[in-house]
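Encoded as structure tokens, the structure appears first; notes follow it.
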Amino acid sequence: MIVSTIEDGEYKEDKLNFWDDVYGFKMTCIKEAAMHEPLVDTVESRVVNASQCVFKTIDILTVQKADLSFTAPFEVSIARDDYVHAFISWFDIEFRACHKPVRFSTGPFAKYTHWKQTVFYTQNTLTVCKGDTIKGTITCAPNSENPRDLDIIYDYQLEGKEQTSAERLAYRMC
């Protein structure tokens, strides 16, 4: 599993900040709920603005149920002066135990797959400069009320030239 960051201000404004004023009605409670649910969508490669970090490798031949609850470190390096509106995650897969091995990626730099990518919006926009790093941990576990849902937590720190930030972001993937 892989993580990076994206600049996605226009989409975030359209889909999330929309709830601040819906035809004159303040519906920020829906915005708050939407911020805690990851978005599964196709992300254009041009909006990816950091290095890619493999934070979890799962061998589908030997994986155990306990392996799917984890906390893993990550670190990405910002590729250009930009803004970060979200983390993005995807997976690459390889089927090796067959006559002709098959490998593909579900990432934004690869051919489209129905798995798409998963976007985790940050509460605040991060101002980043080329060479800044964002590091932290990603925790993933089944939800205690509904084990089909996943609780995902991003704990991150940005020590940048323009901004310093640390935040814990909690999501529930239904």
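Chain identifiers are assigned as A, B, and so on, following the order in which chains appear in the structure tokens; residues are numbered from 1 within each chain, and ligands are numbered from 1 in order of appearance.
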
Identify, on the basis of only C-alpha atoms, every residue whose closest approach to Ile78 of chain A does not exceed 9 Å; exclude the query and any residue fewer than 4 positions from it along the same chain; express the result as a list of chain:residue names. A:Thr5, A:Asn49, A:Ala50, A:Ser51, A:Asp82, A:Val128, A:Cys129, A:Lys130, A:Gly131, A:Asp132, A:Thr133, A:Ile134

Selected residues written out, all heavy atoms, as a PDB file, in the first residue's frame:
```
ATOM      1  N   THR A   5       0.658  12.715  -1.360  1.00  0.00           N
ATOM      2  CA  THR A   5      -0.221  13.849  -1.094  1.00  0.00           C
ATOM      3  C   THR A   5      -0.682  14.462  -2.408  1.00  0.00           C
ATOM      4  O   THR A   5      -0.052  14.261  -3.454  1.00  0.00           O
ATOM      5  CB  THR A   5       0.479  14.940  -0.254  1.00  0.00           C
ATOM      6  OG1 THR A   5       1.615  15.427  -0.988  1.00  0.00           O
ATOM      7  CG2 THR A   5       0.901  14.403   1.096  1.00  0.00           C
ATOM      8  N   ASN A  49       1.694  15.658  -5.529  1.00  0.00           N
ATOM      9  CA  ASN A  49       2.773  16.631  -5.357  1.00  0.00           C
ATOM     10  C   ASN A  49       3.860  16.198  -4.370  1.00  0.00           C
ATOM     11  O   ASN A  49       4.601  17.033  -3.863  1.00  0.00           O
ATOM     12  CB  ASN A  49       2.199  17.998  -4.971  1.00  0.00           C
ATOM     13  CG  ASN A  49       1.357  17.964  -3.717  1.00  0.00           C
ATOM     14  OD1 ASN A  49       1.318  16.964  -3.013  1.00  0.00           O
ATOM     15  ND2 ASN A  49       0.679  19.070  -3.440  1.00  0.00           N
ATOM     16  N   ALA A  50       3.941  14.904  -4.112  1.00  0.00           N
ATOM     17  CA  ALA A  50       4.985  14.404  -3.207  1.00  0.00           C
ATOM     18  C   ALA A  50       5.481  13.051  -3.689  1.00  0.00           C
ATOM     19  O   ALA A  50       4.874  12.422  -4.565  1.00  0.00           O
ATOM     20  CB  ALA A  50       4.439  14.291  -1.781  1.00  0.00           C
ATOM     21  N   SER A  51       6.560  12.613  -3.086  1.00  0.00           N
ATOM     22  CA  SER A  51       7.069  11.271  -3.375  1.00  0.00           C
ATOM     23  C   SER A  51       6.046  10.243  -2.910  1.00  0.00           C
ATOM     24  O   SER A  51       5.087  10.562  -2.207  1.00  0.00           O
ATOM     25  CB  SER A  51       8.401  11.051  -2.659  1.00  0.00           C
ATOM     26  OG  SER A  51       8.229  11.157  -1.252  1.00  0.00           O
ATOM     27  N   ASP A  82       3.633  24.140  -3.386  1.00  0.00           N
ATOM     28  CA  ASP A  82       2.238  23.821  -3.670  1.00  0.00           C
ATOM     29  C   ASP A  82       1.441  23.864  -2.372  1.00  0.00           C
ATOM     30  O   ASP A  82       1.922  24.344  -1.341  1.00  0.00           O
ATOM     31  CB  ASP A  82       2.146  22.420  -4.301  1.00  0.00           C
ATOM     32  CG  ASP A  82       0.953  22.260  -5.237  1.00  0.00           C
ATOM     33  OD1 ASP A  82       0.022  23.073  -5.190  1.00  0.00           O
ATOM     34  OD2 ASP A  82       0.963  21.287  -6.011  1.00  0.00           O
ATOM     35  N   VAL A 128       3.174  24.060   1.356  1.00  0.00           N
ATOM     36  CA  VAL A 128       4.411  23.272   1.324  1.00  0.00           C
ATOM     37  C   VAL A 128       5.361  23.803   0.257  1.00  0.00           C
ATOM     38  O   VAL A 128       4.941  24.398  -0.730  1.00  0.00           O
ATOM     39  CB  VAL A 128       4.111  21.770   1.072  1.00  0.00           C
ATOM     40  CG1 VAL A 128       3.365  21.165   2.251  1.00  0.00           C
ATOM     41  CG2 VAL A 128       3.333  21.555  -0.212  1.00  0.00           C
ATOM     42  N   CYS A 129       6.631  23.556   0.480  1.00  0.00           N
ATOM     43  CA  CYS A 129       7.687  23.943  -0.457  1.00  0.00           C
ATOM     44  C   CYS A 129       8.448  22.693  -0.891  1.00  0.00           C
ATOM     45  O   CYS A 129       8.526  21.705  -0.146  1.00  0.00           O
ATOM     46  CB  CYS A 129       8.656  24.915   0.204  1.00  0.00           C
ATOM     47  SG  CYS A 129       7.897  26.468   0.700  1.00  0.00           S
ATOM     48  N   LYS A 130       9.023  22.774  -2.064  1.00  0.00           N
ATOM     49  CA  LYS A 130       9.826  21.659  -2.570  1.00  0.00           C
ATOM     50  C   LYS A 130      10.866  21.273  -1.526  1.00  0.00           C
ATOM     51  O   LYS A 130      11.569  22.130  -0.991  1.00  0.00           O
ATOM     52  CB  LYS A 130      10.505  22.054  -3.886  1.00  0.00           C
ATOM     53  CG  LYS A 130      11.306  20.941  -4.509  1.00  0.00           C
ATOM     54  CD  LYS A 130      11.889  21.345  -5.846  1.00  0.00           C
ATOM     55  CE  LYS A 130      12.657  20.167  -6.436  1.00  0.00           C
ATOM     56  NZ  LYS A 130      13.135  20.471  -7.782  1.00  0.00           N
ATOM     57  N   GLY A 131      10.943  19.977  -1.217  1.00  0.00           N
ATOM     58  CA  GLY A 131      11.901  19.472  -0.254  1.00  0.00           C
ATOM     59  C   GLY A 131      11.357  19.319   1.152  1.00  0.00           C
ATOM     60  O   GLY A 131      11.970  18.642   1.978  1.00  0.00           O
ATOM     61  N   ASP A 132      10.216  19.942   1.462  1.00  0.00           N
ATOM     62  CA  ASP A 132       9.596  19.732   2.776  1.00  0.00           C
ATOM     63  C   ASP A 132       9.240  18.257   2.929  1.00  0.00           C
ATOM     64  O   ASP A 132       9.018  17.555   1.935  1.00  0.00           O
ATOM     65  CB  ASP A 132       8.299  20.551   2.914  1.00  0.00           C
ATOM     66  CG  ASP A 132       8.526  22.042   3.086  1.00  0.00           C
ATOM     67  OD1 ASP A 132       9.689  22.467   3.217  1.00  0.00           O
ATOM     68  OD2 ASP A 132       7.518  22.780   3.069  1.00  0.00           O
ATOM     69  N   THR A 133       9.170  17.791   4.159  1.00  0.00           N
ATOM     70  CA  THR A 133       8.761  16.409   4.398  1.00  0.00           C
ATOM     71  C   THR A 133       7.546  16.372   5.319  1.00  0.00           C
ATOM     72  O   THR A 133       7.394  17.207   6.204  1.00  0.00           O
ATOM     73  CB  THR A 133       9.885  15.562   5.029  1.00  0.00           C
ATOM     74  OG1 THR A 133      10.281  16.147   6.250  1.00  0.00           O
ATOM     75  CG2 THR A 133      11.083  15.441   4.100  1.00  0.00           C
ATOM     76  N   ILE A 134       6.708  15.405   5.044  1.00  0.00           N
ATOM     77  CA  ILE A 134       5.582  15.095   5.915  1.00  0.00           C
ATOM     78  C   ILE A 134       5.800  13.659   6.351  1.00  0.00           C
ATOM     79  O   ILE A 134       5.983  12.768   5.517  1.00  0.00           O
ATOM     80  CB  ILE A 134       4.231  15.229   5.189  1.00  0.00           C
ATOM     81  CG1 ILE A 134       4.035  16.657   4.683  1.00  0.00           C
ATOM     82  CG2 ILE A 134       3.091  14.817   6.114  1.00  0.00           C
ATOM     83  CD1 ILE A 134       2.792  16.849   3.833  1.00  0.00           C
TER      84      ILE A 134
END
```

Quick one: everything within 9 Å of Pro142 of chain A, counting only C-alpha atoms, minus sequence neighbours fewer than 5 positions away in the same chain. Send it as a list of chain:residue names.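 Answer for this query is A:Leu68, A:Ser69, A:Pro147, A:Arg148, A:Asp149, A:Leu150, A:Asp151, A:Ile152.
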
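Nearest-residue note for Phe55 of chain A: choosing from A:Val43, A:Ile30, A:Ile153, A:Ala72, the minimum distance belongs to A:Ala72, counting only C-alpha atoms.
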
Segment 94-101 of chain A environment, 9 Å, only C-alpha atoms, sequence neighbours closer than 3 positions dropped, as a PyMOL selection string: chain A and resi 60-61+104-105

In terms of the shortest atom-to-atom distance over only C-alpha atoms, which of A:Thr139, A:Thr42, A:Thr127, A:Gln64 is closest to Glu162 of chain A? A:Thr127

Helix (DSSP H, G or I) positions in chain A, given as JSON, numbers by chain: {"A": [9, 10, 11, 12, 13, 14, 15, 17, 18, 19, 20, 28, 29, 30, 31, 32, 33, 34, 35, 45, 46, 47, 65, 66, 67, 68]}

Segment 38-170 of chain A: which residues are strand (DSSP E or B) by DSSP, as a PyMOL selection string? chain A and resi 39-41+48+50+53-54+70-78+82-90+92-95+102-105+117-128+133-142+150-159+164-170

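Using only C-alpha atoms, the smallest distance between any of A:Ile93, A:Ala141, A:Val40, A:Leu158 and Asp59 of chain A comes from A:Ile93.
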
What are the nearest atom pairs, with distances in Å to one decimal, for all residues of segment 36-73 of chain A that come at most 12 Å from segment 112-123 of chain A, using only C-alpha atoms, set out by chain and rising residue number as CSV?
```
residue,atom,partner,partner_atom,distance
A:His36,CA,A:Phe120,CA,8.1
A:Glu37,CA,A:Phe120,CA,7.7
A:Pro38,CA,A:Phe120,CA,5.1
A:Leu39,CA,A:Val119,CA,5.0
A:Val40,CA,A:Thr118,CA,4.5
A:Asp41,CA,A:Lys116,CA,5.5
A:Thr42,CA,A:Lys116,CA,5.1
A:Val43,CA,A:Gln117,CA,6.6
A:Glu44,CA,A:Gln117,CA,10.0
A:Ser45,CA,A:Gln117,CA,10.9
A:Val47,CA,A:Val119,CA,12.0
A:Val48,CA,A:Val119,CA,11.3
```
